[in-house]
file my_file_18.txt (compact mmCIF, C-alpha atoms and all ligand atoms)
# COMPACT_ATOMS: atom_id res chain seq x y z
CA MET A 1 9.10 52.63 100.57
CA LYS A 2 5.94 51.93 102.57
CA GLN A 3 3.24 52.92 100.05
CA SER A 4 5.03 51.24 97.10
CA LYS A 5 2.16 48.79 96.43
CA LYS A 6 -0.03 51.70 95.40
CA LEU A 7 2.40 52.85 92.72
CA GLY A 8 2.72 51.58 89.15
CA ILE A 9 5.44 49.09 88.25
CA ASN A 10 7.78 51.72 86.76
CA SER A 11 7.59 53.82 89.92
CA ARG A 12 8.11 50.79 92.14
CA MET A 13 11.20 49.77 90.16
CA ILE A 14 12.72 53.13 91.08
CA HIS A 15 11.35 53.75 94.56
CA GLY A 16 10.69 50.19 95.80
CA GLY A 17 12.79 48.04 98.09
CA GLU A 18 12.94 48.45 101.84
CA PHE A 19 16.02 49.77 103.61
CA GLU A 20 16.72 51.87 106.68
CA ASN A 21 18.07 55.21 105.62
CA PRO A 22 19.18 57.32 108.60
CA LEU A 23 21.44 59.56 106.48
CA GLY A 24 18.95 60.14 103.66
CA SER A 25 20.95 58.48 100.88
CA ALA A 26 19.20 58.79 97.49
CA THR A 27 20.44 55.32 96.53
CA VAL A 28 20.74 52.10 98.53
CA PRO A 29 24.10 52.10 100.39
CA ILE A 30 26.42 49.13 99.89
CA TYR A 31 26.94 47.43 103.25
CA GLN A 32 30.20 45.76 102.23
CA THR A 33 30.62 43.75 105.40
CA SER A 34 30.68 40.06 106.20
CA THR A 35 29.46 40.45 109.79
CA PHE A 36 27.49 42.83 112.06
CA ILE A 37 28.35 44.05 115.58
CA PHE A 38 26.02 43.00 118.44
CA ASP A 39 25.18 45.52 121.19
CA SER A 40 25.73 42.83 123.83
CA ALA A 41 25.95 39.07 124.27
CA ASP A 42 22.21 39.07 125.03
CA HIS A 43 21.50 41.02 121.83
CA GLY A 44 23.54 38.47 119.82
CA ALA A 45 21.60 35.60 121.38
CA LYS A 46 18.29 37.33 120.58
CA CYS A 47 19.35 37.88 116.95
CA PHE A 48 20.05 34.15 116.64
CA SER A 49 16.84 33.09 118.39
CA GLY A 50 14.77 35.37 116.16
CA GLU A 51 13.53 37.55 119.05
CA ASP A 52 15.42 40.46 117.50
CA ASP A 53 15.52 40.93 113.70
CA GLY A 54 18.98 42.54 113.75
CA TYR A 55 21.53 41.59 111.10
CA ILE A 56 24.02 38.84 112.04
CA TYR A 57 26.18 37.76 109.10
CA THR A 58 25.95 38.52 105.37
CA ARG A 59 25.30 34.93 104.26
CA ILE A 60 22.17 35.07 106.46
CA GLY A 61 21.14 38.63 105.63
CA ASN A 62 22.48 42.07 104.65
CA PRO A 63 20.64 45.41 104.28
CA THR A 64 21.72 45.99 100.66
CA ILE A 65 20.70 42.45 99.67
CA ASN A 66 17.46 42.82 101.64
CA ALA A 67 16.62 46.00 99.70
CA LEU A 68 16.91 44.01 96.45
CA GLU A 69 14.94 41.04 97.84
CA THR A 70 12.05 43.24 98.96
CA LEU A 71 12.14 45.12 95.65
CA VAL A 72 11.91 42.03 93.42
CA ALA A 73 9.38 40.33 95.73
CA ASP A 74 7.18 43.41 95.38
CA LEU A 75 7.55 43.50 91.56
CA GLU A 76 6.66 39.78 91.38
CA SER A 77 3.66 40.20 93.78
CA GLY A 78 5.33 37.73 96.16
CA ALA A 79 5.75 37.41 99.91
CA GLN A 80 9.50 36.84 100.09
CA GLY A 81 12.57 37.31 97.90
CA ILE A 82 15.73 35.23 98.32
CA ALA A 83 18.77 36.55 96.49
CA THR A 84 21.33 34.04 95.24
CA SER A 85 24.82 34.22 93.78
CA SER A 86 23.59 33.15 90.31
CA GLY A 87 20.55 31.87 88.47
CA MET A 88 21.90 28.31 88.79
CA ALA A 89 22.25 28.82 92.56
CA ALA A 90 18.52 29.64 92.57
CA VAL A 91 17.75 26.50 90.53
CA ASN A 92 19.71 24.22 92.86
CA THR A 93 18.34 25.84 96.02
CA ILE A 94 14.83 25.16 94.71
CA TYR A 95 15.62 21.55 93.75
CA MET A 96 17.24 20.84 97.10
CA ALA A 97 14.50 22.47 99.18
CA LEU A 98 11.51 21.02 97.34
CA LEU A 99 12.61 17.53 96.24
CA SER A 100 13.74 14.54 98.30
CA LYS A 101 14.87 11.02 97.51
CA GLY A 102 12.05 9.19 95.69
CA ASP A 103 10.32 12.41 94.57
CA HIS A 104 9.58 13.19 90.94
CA MET A 105 9.60 16.44 88.96
CA VAL A 106 7.80 17.16 85.68
CA SER A 107 9.53 19.87 83.66
CA SER A 108 9.40 21.71 80.37
CA ALA A 109 11.65 19.84 77.92
CA ALA A 110 13.01 23.12 76.59
CA VAL A 111 14.71 24.82 79.53
CA TYR A 112 18.10 26.44 80.02
CA GLY A 113 20.49 23.49 79.43
CA PRO A 114 22.20 23.32 82.85
CA SER A 115 18.84 23.50 84.72
CA ARG A 116 18.02 20.15 83.09
CA VAL A 117 21.51 18.64 83.06
CA VAL A 118 22.05 19.17 86.80
CA MET A 119 18.80 17.34 87.54
CA GLU A 120 19.38 14.45 85.14
CA GLN A 121 23.06 13.96 85.93
CA HIS A 122 23.38 15.00 89.58
CA TRP A 123 20.10 15.20 91.51
CA SER A 124 19.30 11.78 90.03
CA ARG A 125 22.32 10.44 91.99
CA PHE A 126 20.39 11.30 95.17
CA GLY A 127 17.22 9.53 93.99
CA VAL A 128 15.28 12.46 92.49
CA GLU A 129 13.42 11.49 89.31
CA SER A 130 12.37 13.79 86.49
CA THR A 131 10.41 13.70 83.23
CA TYR A 132 10.72 16.31 80.48
CA VAL A 133 7.71 17.07 78.31
CA ASN A 134 6.39 19.71 75.97
CA THR A 135 4.57 21.80 78.58
CA ALA A 136 2.74 23.70 75.84
CA SER A 137 0.54 20.57 75.89
CA ILE A 138 -1.45 20.11 79.12
CA GLU A 139 -2.16 16.52 78.02
CA GLU A 140 1.56 15.72 77.92
CA ILE A 141 2.00 17.12 81.44
CA LYS A 142 -0.98 15.14 82.76
CA ALA A 143 0.41 11.94 81.27
CA ALA A 144 3.78 12.52 82.97
CA ILE A 145 2.40 13.11 86.49
CA ARG A 146 3.02 10.20 88.90
CA PRO A 147 1.91 9.63 92.49
CA ASN A 148 5.36 10.81 93.66
CA SER A 149 5.37 13.99 91.51
CA ARG A 150 6.05 17.00 93.75
CA VAL A 151 7.13 19.82 91.43
CA LEU A 152 5.98 21.13 88.06
CA TYR A 153 8.86 23.18 86.66
CA ILE A 154 8.03 25.59 83.84
CA GLU A 155 10.16 27.89 81.75
CA THR A 156 8.08 30.24 79.56
CA PRO A 157 9.03 31.51 77.07
CA ALA A 158 11.42 28.57 76.95
CA ASN A 159 15.14 28.92 76.35
CA PRO A 160 15.83 28.69 73.42
CA THR A 161 12.73 27.45 71.56
CA MET A 162 10.43 30.32 72.65
CA ASP A 163 7.60 27.84 73.35
CA ILE A 164 4.93 29.34 75.63
CA THR A 165 3.27 27.41 78.46
CA ASP A 166 -0.16 28.27 79.89
CA LEU A 167 0.68 29.29 83.46
CA GLU A 168 -2.87 29.46 84.85
CA ALA A 169 -3.78 26.03 83.49
CA CYS A 170 -0.52 24.53 84.78
CA ALA A 171 -0.94 25.99 88.27
CA LYS A 172 -4.39 24.45 88.50
CA LEU A 173 -3.14 21.09 87.27
CA ALA A 174 -0.18 21.12 89.68
CA HIS A 175 -2.36 22.01 92.68
CA ASP A 176 -4.99 19.41 91.76
CA HIS A 177 -2.18 16.85 92.07
CA GLY A 178 -0.69 18.27 95.28
CA MET A 179 2.36 19.58 93.42
CA LEU A 180 4.12 22.94 93.67
CA MET A 181 4.58 24.99 90.51
CA VAL A 182 7.96 26.64 89.95
CA VAL A 183 8.44 29.11 87.08
CA ASP A 184 11.70 30.37 85.60
CA ASN A 185 10.67 33.93 84.65
CA THR A 186 14.10 34.94 83.32
CA PHE A 187 12.99 35.63 79.72
CA CYS A 188 10.24 38.04 80.81
CA SER A 189 11.17 39.71 84.09
CA PRO A 190 8.24 40.84 86.27
CA TYR A 191 7.76 43.76 83.90
CA LEU A 192 6.24 41.38 81.32
CA GLN A 193 4.95 38.41 83.31
CA ARG A 194 4.09 37.73 86.96
CA PRO A 195 3.59 33.97 87.40
CA LEU A 196 2.70 34.22 91.12
CA GLU A 197 -0.39 36.23 90.12
CA MET A 198 -1.36 33.29 87.87
CA GLY A 199 -1.07 30.69 90.64
CA ALA A 200 2.63 29.70 90.65
CA ASP A 201 4.12 28.97 94.08
CA VAL A 202 7.73 29.90 93.31
CA VAL A 203 9.19 32.15 90.64
CA PHE A 204 12.88 32.66 90.02
CA HIS A 205 15.29 34.58 87.82
CA SER A 206 18.71 34.56 86.44
CA MET A 207 19.08 38.29 87.24
CA THR A 208 22.24 38.12 85.13
CA LYS A 209 19.79 38.85 82.30
CA PHE A 210 17.03 41.46 82.08
CA LEU A 211 16.83 42.56 85.73
CA ASN A 212 20.46 43.65 85.86
CA GLY A 213 20.55 44.20 82.13
CA HIS A 214 24.13 45.36 81.58
CA ALA A 215 26.13 42.13 81.16
CA ASP A 216 28.35 42.96 84.14
CA ILE A 217 26.94 40.79 86.94
CA VAL A 218 25.89 37.16 87.52
CA ALA A 219 23.02 36.92 90.02
CA GLY A 220 19.80 35.08 90.89
CA MET A 221 16.55 35.62 92.81
CA ILE A 222 13.80 33.33 94.10
CA VAL A 223 10.40 34.75 95.07
CA THR A 224 7.66 32.78 96.82
CA ARG A 225 3.92 33.39 96.99
CA ASP A 226 3.75 32.63 100.71
CA LYS A 227 6.02 33.26 103.66
CA ALA A 228 6.29 29.67 104.91
CA LEU A 229 7.69 28.44 101.59
CA GLY A 230 9.91 31.53 101.54
CA SER A 231 11.39 30.61 104.94
CA LYS A 232 12.05 27.06 103.75
CA LEU A 233 13.88 28.25 100.63
CA LYS A 234 15.72 30.97 102.52
CA SER A 235 17.11 28.55 105.09
CA MET A 236 18.21 26.21 102.28
CA MET A 237 20.00 29.06 100.51
CA VAL A 238 21.71 30.10 103.76
CA THR A 239 22.77 26.51 104.46
CA LEU A 240 24.05 25.97 100.92
CA GLY A 241 25.93 29.26 101.15
CA CYS A 242 24.97 30.46 97.67
CA ASN A 243 24.20 33.99 98.89
CA MET A 244 24.59 37.14 96.91
CA ASP A 245 27.32 39.69 97.60
CA PRO A 246 26.26 43.23 98.66
CA HIS A 247 28.01 44.83 95.70
CA GLN A 248 26.21 42.46 93.32
CA ALA A 249 22.90 43.47 94.99
CA TYR A 250 23.67 47.16 94.50
CA MET A 251 24.41 46.61 90.80
CA VAL A 252 21.10 44.79 90.24
CA ILE A 253 19.13 47.47 92.12
CA ARG A 254 20.73 50.02 89.80
CA GLY A 255 19.86 47.89 86.76
CA ILE A 256 16.22 47.49 87.78
CA ARG A 257 15.76 51.26 87.79
CA THR A 258 15.78 51.23 83.98
CA LEU A 259 14.15 47.82 83.44
CA GLY A 260 10.91 49.26 82.04
CA ILE A 261 12.46 51.55 79.46
CA ARG A 262 15.04 48.93 78.45
CA ILE A 263 12.35 46.33 77.86
CA GLU A 264 10.06 48.73 75.99
CA ARG A 265 12.90 49.65 73.65
CA SER A 266 14.31 46.15 73.14
CA GLN A 267 10.93 44.54 72.52
CA ALA A 268 9.98 47.24 69.99
CA ASN A 269 13.27 46.48 68.22
CA ALA A 270 12.57 42.72 68.49
CA MET A 271 9.15 43.04 66.84
CA LYS A 272 10.69 44.78 63.81
CA ILE A 273 13.61 42.34 63.60
CA ALA A 274 11.34 39.27 63.89
CA ALA A 275 9.15 40.60 61.06
CA TYR A 276 12.26 41.36 58.97
CA LEU A 277 13.64 37.84 59.49
CA GLU A 278 10.29 36.18 58.78
CA ASN A 279 10.13 37.92 55.41
CA HIS A 280 13.74 37.16 54.46
CA PRO A 281 14.08 34.56 51.69
CA LYS A 282 17.06 32.85 53.40
CA VAL A 283 15.16 32.29 56.67
CA GLU A 284 13.37 28.95 57.21
CA TRP A 285 11.38 29.85 60.33
CA VAL A 286 11.22 32.43 63.15
CA MET A 287 9.86 31.93 66.67
CA TYR A 288 8.91 35.19 68.37
CA PRO A 289 5.78 35.39 70.58
CA GLY A 290 4.77 38.69 68.98
CA LEU A 291 4.45 37.21 65.49
CA PRO A 292 0.95 35.96 64.60
CA SER A 293 2.72 32.86 63.19
CA HIS A 294 3.92 31.84 66.69
CA PRO A 295 1.79 28.81 67.67
CA GLN A 296 0.97 30.29 71.09
CA HIS A 297 0.68 33.94 70.01
CA ALA A 298 -2.81 34.27 71.57
CA LEU A 299 -1.63 32.73 74.87
CA ALA A 300 1.38 35.07 74.92
CA GLN A 301 -1.02 38.00 74.46
CA LYS A 302 -3.10 36.74 77.37
CA GLN A 303 -0.43 36.04 79.98
CA MET A 304 2.39 38.45 79.05
CA ASP A 305 2.31 42.26 79.13
CA GLY A 306 4.56 42.37 76.04
CA PHE A 307 6.39 39.91 73.82
CA GLY A 308 9.94 40.47 75.06
CA SER A 309 13.14 40.63 73.10
CA MET A 310 14.24 37.03 72.54
CA ILE A 311 14.01 35.55 69.03
CA SER A 312 14.98 32.14 67.75
CA PHE A 313 15.22 31.31 64.07
CA GLU A 314 16.76 28.94 61.59
CA LEU A 315 18.22 29.72 58.18
CA LYS A 316 17.37 27.63 55.12
CA GLY A 317 21.01 26.55 55.00
CA GLY A 318 20.75 25.12 58.56
CA LEU A 319 23.79 25.02 60.84
CA ILE A 320 26.37 25.92 58.16
CA ALA A 321 24.44 29.03 57.15
CA GLY A 322 23.84 29.91 60.82
CA LYS A 323 27.57 29.79 61.51
CA VAL A 324 28.31 32.14 58.59
CA LEU A 325 25.72 34.54 60.00
CA MET A 326 27.13 34.37 63.55
CA ASP A 327 30.68 34.86 62.29
CA ASN A 328 29.80 37.90 60.23
CA VAL A 329 27.52 40.07 62.35
CA LYS A 330 29.34 43.21 63.44
CA VAL A 331 26.89 45.08 65.69
CA ALA A 332 25.46 42.04 67.51
CA ILE A 333 28.00 40.32 69.75
CA LEU A 334 28.67 36.58 69.40
CA ALA A 335 28.32 35.52 73.04
CA VAL A 336 26.05 33.55 75.36
CA SER A 337 23.79 35.23 77.96
CA LEU A 338 20.87 37.48 77.09
CA GLY A 339 18.70 40.33 78.29
CA GLY A 340 21.32 43.08 78.23
CA VAL A 341 21.42 46.45 76.50
CA GLU A 342 23.66 44.93 73.82
CA THR A 343 22.37 42.54 71.15
CA LEU A 344 23.79 39.01 71.48
CA ILE A 345 23.73 36.08 69.07
CA GLN A 346 24.59 32.47 69.90
CA HIS A 347 24.13 28.83 68.85
CA PRO A 348 22.28 26.88 71.61
CA ALA A 349 22.99 23.35 70.27
CA SER A 350 26.76 23.80 70.59
CA MET A 351 26.86 26.44 73.35
CA THR A 352 24.20 26.97 76.10
CA HIS A 353 22.56 23.57 75.54
CA SER A 354 25.63 21.58 74.47
CA LYS A 355 25.51 19.28 77.52
CA VAL A 356 21.88 18.28 76.88
CA SER A 357 21.80 14.89 75.09
CA ALA A 358 21.29 14.93 71.31
CA GLU A 359 18.06 12.97 71.70
CA ALA A 360 16.67 15.33 74.35
CA LYS A 361 17.59 18.36 72.25
CA LEU A 362 15.77 16.94 69.25
CA LYS A 363 12.68 16.12 71.31
CA ALA A 364 12.67 19.61 72.83
CA GLY A 365 12.89 21.25 69.40
CA ILE A 366 16.47 22.52 69.85
CA THR A 367 17.58 21.88 66.27
CA ASP A 368 21.18 22.10 65.09
CA GLY A 369 20.35 25.10 62.94
CA LEU A 370 18.58 27.12 65.68
CA VAL A 371 20.16 30.54 66.22
CA ARG A 372 19.20 32.57 69.29
CA TYR A 373 19.16 36.34 69.10
CA SER A 374 18.76 38.55 72.21
CA VAL A 375 17.75 42.00 71.05
CA GLY A 376 19.30 45.01 72.77
CA ILE A 377 18.49 48.70 72.75
CA GLU A 378 20.68 49.79 69.83
CA ASP A 379 19.14 51.63 66.84
CA VAL A 380 16.99 49.03 65.15
CA ASP A 381 18.12 50.09 61.66
CA ASP A 382 21.70 49.29 62.65
CA LEU A 383 20.66 45.81 63.85
CA ILE A 384 18.67 45.07 60.70
CA GLY A 385 21.49 46.43 58.51
CA ASP A 386 23.90 44.21 60.42
CA LEU A 387 21.78 41.10 59.78
CA GLU A 388 21.30 42.14 56.15
CA GLN A 389 25.03 42.39 55.39
CA ALA A 390 25.73 39.07 57.16
CA LEU A 391 22.85 37.30 55.38
CA LEU A 392 24.31 38.42 52.02
CA LEU A 393 27.34 36.24 52.81
CA VAL A 394 25.23 33.16 53.65
N1 LIG B 401 17.47 30.22 83.67
C1 LIG B 401 17.52 30.68 82.41
C2 LIG B 401 16.26 30.77 81.60
C3 LIG B 401 18.73 31.08 81.87
O1 LIG B 401 18.74 31.55 80.61
C4 LIG B 401 19.91 30.97 82.65
C5 LIG B 401 21.24 31.34 82.09
C6 LIG B 401 19.82 30.47 83.96
C7 LIG B 401 18.58 30.10 84.43
C8 LIG B 401 21.04 30.33 84.84
O2 LIG B 401 21.44 31.58 85.27
P1 LIG B 401 22.94 32.02 85.63
O3 LIG B 401 23.44 31.08 86.66
O4 LIG B 401 23.74 31.97 84.38
O5 LIG B 401 22.75 33.41 86.18
N2 LIG B 401 21.23 31.45 80.72
C9 LIG B 401 22.25 31.63 79.91
C10 LIG B 401 22.12 31.63 78.52
O6 LIG B 401 21.11 31.39 77.88
N3 LIG B 401 23.27 31.93 77.99
O7 LIG B 401 24.26 32.02 78.94
C11 LIG B 401 23.66 31.85 80.23

call {"tool": "encode", "arguments": {"input": "my_file_18.txt", "output": "structure tokens"}}
result
Amino acid sequence: MKQSKKLGINSRMIHGGEFENPLGSATVPIYQTSTFIFDSADHGAKCFSGEDDGYIYTRIGNPTINALETLVADLESGAQGIATSSGMAAVNTIYMALLSKGDHMVSSAAVYGPSRVVMEQHWSRFGVESTYVNTASIEEIKAAIRPNSRVLYIETPANPTMDITDLEACAKLAHDHGMLMVVDNTFCSPYLQRPLEMGADVVFHSMTKFLNGHADIVAGMIVTRDKALGSKLKSMMVTLGCNMDPHQAYMVIRGIRTLGIRIERSQANAMKIAAYLENHPKVEWVMYPGLPSHPQHALAQKQMDGFGSMISFELKGGLIAGKVLMDNVKVAILAVSLGGVETLIQHPASMTHSKVSAEAKLKAGITDGLVRYSVGIEDVDDLIGDLEQALLLV
């Protein structure tokens, strides 16, 4: 939709995304095809040379996928969207495009486990170095920067600690040192936080989470602030072959239509649940950016448009008590993933972050007793009642 920039974010989530629509379909059609017919041999050659922007082959481009890419790029205030088969496909496309042998990356210590493990165990085999620090401290980041540092990789709020990093300050620091800043915006979605507007160069998502929102698809998206970087990442994605499928793209477009109302509902629930947990005598601590007790509550207020729906907490009885809780909730589902309409509970130390070394987990604040709770859109009284009955058994 041409004038979409002028509309508010809720309207753009419904009417945004560019696609040709000769038949007047109210929704984006699914072009379930691997390849596209050329008008002539000359036309095919022109498509490959770039003289003609016609579609060639779905790994390279597809109208349904393009509709999603233009939609998310618009929501993130970016120049180009690159859809990927999963969030991890986005992570690896970024690492491969932006880092070479001998380069160094500085990253948040608390990040989604595999984003760190793949760098430390695999990209290191190809000579890429990395240092993991508490990015809530600008001083720690500064101290980690080396002459060969090329990328500052930030996850905020961080999975699963809920630490918040100052995006504007980090973008300035990265650029002062000739580095690119990459932000994993999965926990917020563009509805709550737009890192490109704060100076980031690349933002990406596991769209498996909030953007799709219904726990039925695995998908990823990279968005760049400028076109040249977008072309570089796009050609890497095409070469790696970690493209999205058209049906996947359709599902995410459908999910995004309700992103605003889902987030409003789930974060209102989360605020009440975080306050309930904080006041519960069996709870040791709660980390939720909306609580005044969160160490970066003021920063969260400044750079986020809401506090989201992810909570981490620890019970006074530590891991044993946490396991009793997880085994006894009946409305929340015991499963990994997050950001869906259904409330999920999981144990990062033994599940999503199990492959991160014990030492690294400790340093990043991922304690054995930490329980992660992704709040859905159920009736909040049912969720609190569910926690209440399970906490009685602890
Ligand atoms: N980034 C973040 C912040 C994530 O939470 C995840 C997945 C990814 C990237 C990778 O995305 P995927 O390939 O799964 O689409 N996070 C998960 C989690 O916390 N539980 O299960 C998956």

call {"tool": "atom_distance", "arguments": {"input": "my_file_18.txt", "atom1": "CA of Thr156 (chain A)", "atom2": "CA of Leu98 (chain A)"}}
result
20.3 Å

call {"tool": "atom_distance", "arguments": {"input": "my_file_18.txt", "atom1": "CA of Lys101 (chain A)", "atom2": "CA of Thr135 (chain A)"}}
result
24.1 Å

call {"tool": "residues_near_ligand", "arguments": {"input": "my_file_18.txt", "ligand": "ligand LIG 401 (chain B)", "cutoff": "10 Å", "atoms": "all atoms listed in the file", "output": "ChimeraX atom specification"}}
result
/A:84-92,110-115,154-160,183-188,204-209,217-221,335-339,344-348,351-353,372,374

call {"tool": "closest_residue", "arguments": {"input": "my_file_18.txt", "among": "A:Tyr276, A:Tyr250, A:Tyr373, A:Tyr95", "to": "Met237 (chain A)", "atoms": "all atoms listed in the file"}}
result
A:Tyr95

call {"tool": "atom_distance", "arguments": {"input": "my_file_18.txt", "atom1": "CA of Pro29 (chain A)", "atom2": "CA of Gln80 (chain A)"}}
result
21.1 Å

call {"tool": "closest_atom_pairs", "arguments": {"input": "my_file_18.txt", "of": "region 30-76 of chain A", "to": "region 253-257 of chain A", "cutoff": "12 Å", "atoms": "all atoms listed in the file", "output": "tab-separated table"}}
result
residue	atom	partner	partner_atom	distance
A:Ile30	CA	A:Ile253	CA	10.8
A:Thr64	CA	A:Ile253	CA	9.0
A:Ile65	CA	A:Ile253	CA	9.2
A:Asn66	CA	A:Ile253	CA	10.7
A:Ala67	CA	A:Ile253	CA	8.1
A:Leu68	CA	A:Ile253	CA	6.0
A:Glu69	CA	A:Ile253	CA	9.6
A:Thr70	CA	A:Ile253	CA	10.7
A:Leu71	CA	A:Ile253	CA	8.2
A:Val72	CA	A:Ile256	CA	9.0
A:Leu75	CA	A:Ile256	CA	10.3

call {"tool": "build_atoms", "arguments": {"input": "my_file_18.txt", "residues": "region 385-392 of chain A", "atoms": "all heavy atoms", "output": "mmCIF file, in the frame of the given file"}}
result
data_model
loop_
_atom_site.group_PDB
_atom_site.id
_atom_site.type_symbol
_atom_site.label_atom_id
_atom_site.label_comp_id
_atom_site.auth_asym_id
_atom_site.auth_seq_id
_atom_site.Cartn_x
_atom_site.Cartn_y
_atom_site.Cartn_z
ATOM 1 N N GLY A 385 20.403 46.284 59.498
ATOM 2 C CA GLY A 385 21.490 46.430 58.510
ATOM 3 C C GLY A 385 22.596 45.415 58.762
ATOM 4 O O GLY A 385 23.173 44.849 57.825
ATOM 5 N N ASP A 386 22.864 45.173 60.022
ATOM 6 C CA ASP A 386 23.900 44.210 60.420
ATOM 7 C C ASP A 386 23.515 42.799 59.961
ATOM 8 O O ASP A 386 24.331 42.070 59.380
ATOM 9 C CB ASP A 386 24.036 44.270 61.948
ATOM 10 C CG ASP A 386 25.162 43.404 62.482
ATOM 11 O OD1 ASP A 386 26.221 43.326 61.831
ATOM 12 O OD2 ASP A 386 24.982 42.809 63.573
ATOM 13 N N LEU A 387 22.257 42.421 60.217
ATOM 14 C CA LEU A 387 21.780 41.100 59.780
ATOM 15 C C LEU A 387 21.793 41.016 58.255
ATOM 16 O O LEU A 387 22.204 40.014 57.677
ATOM 17 C CB LEU A 387 20.357 40.846 60.317
ATOM 18 C CG LEU A 387 20.249 40.583 61.823
ATOM 19 C CD1 LEU A 387 18.796 40.681 62.294
ATOM 20 C CD2 LEU A 387 20.812 39.192 62.168
ATOM 21 N N GLU A 388 21.386 42.103 57.626
ATOM 22 C CA GLU A 388 21.300 42.140 56.150
ATOM 23 C C GLU A 388 22.666 41.873 55.516
ATOM 24 O O GLU A 388 22.801 41.034 54.629
ATOM 25 C CB GLU A 388 20.768 43.533 55.734
ATOM 26 C CG GLU A 388 20.570 43.728 54.259
ATOM 27 C CD GLU A 388 19.216 43.211 53.775
ATOM 28 O OE1 GLU A 388 18.353 42.901 54.605
ATOM 29 O OE2 GLU A 388 19.055 43.119 52.550
ATOM 30 N N GLN A 389 23.699 42.568 56.004
ATOM 31 C CA GLN A 389 25.030 42.390 55.390
ATOM 32 C C GLN A 389 25.562 40.983 55.664
ATOM 33 O O GLN A 389 26.200 40.376 54.809
ATOM 34 C CB GLN A 389 26.009 43.494 55.810
ATOM 35 C CG GLN A 389 26.357 43.612 57.295
ATOM 36 C CD GLN A 389 27.400 42.603 57.789
ATOM 37 O OE1 GLN A 389 28.249 42.152 57.017
ATOM 38 N NE2 GLN A 389 27.326 42.231 59.061
ATOM 39 N N ALA A 390 25.246 40.423 56.847
ATOM 40 C CA ALA A 390 25.730 39.070 57.160
ATOM 41 C C ALA A 390 24.962 38.026 56.341
ATOM 42 O O ALA A 390 25.542 37.043 55.879
ATOM 43 C CB ALA A 390 25.599 38.798 58.655
ATOM 44 N N LEU A 391 23.660 38.263 56.143
ATOM 45 C CA LEU A 391 22.850 37.300 55.380
ATOM 46 C C LEU A 391 23.248 37.289 53.893
ATOM 47 O O LEU A 391 23.086 36.279 53.211
ATOM 48 C CB LEU A 391 21.353 37.626 55.530
ATOM 49 C CG LEU A 391 20.735 37.170 56.861
ATOM 50 C CD1 LEU A 391 19.372 37.820 57.102
ATOM 51 C CD2 LEU A 391 20.587 35.644 56.908
ATOM 52 N N LEU A 392 23.826 38.389 53.404
ATOM 53 C CA LEU A 392 24.310 38.420 52.020
ATOM 54 C C LEU A 392 25.428 37.415 51.809
ATOM 55 O O LEU A 392 25.628 36.899 50.729
ATOM 56 C CB LEU A 392 24.841 39.830 51.671
ATOM 57 C CG LEU A 392 23.824 40.903 51.329
ATOM 58 C CD1 LEU A 392 24.520 42.231 51.113
ATOM 59 C CD2 LEU A 392 23.027 40.494 50.083
#
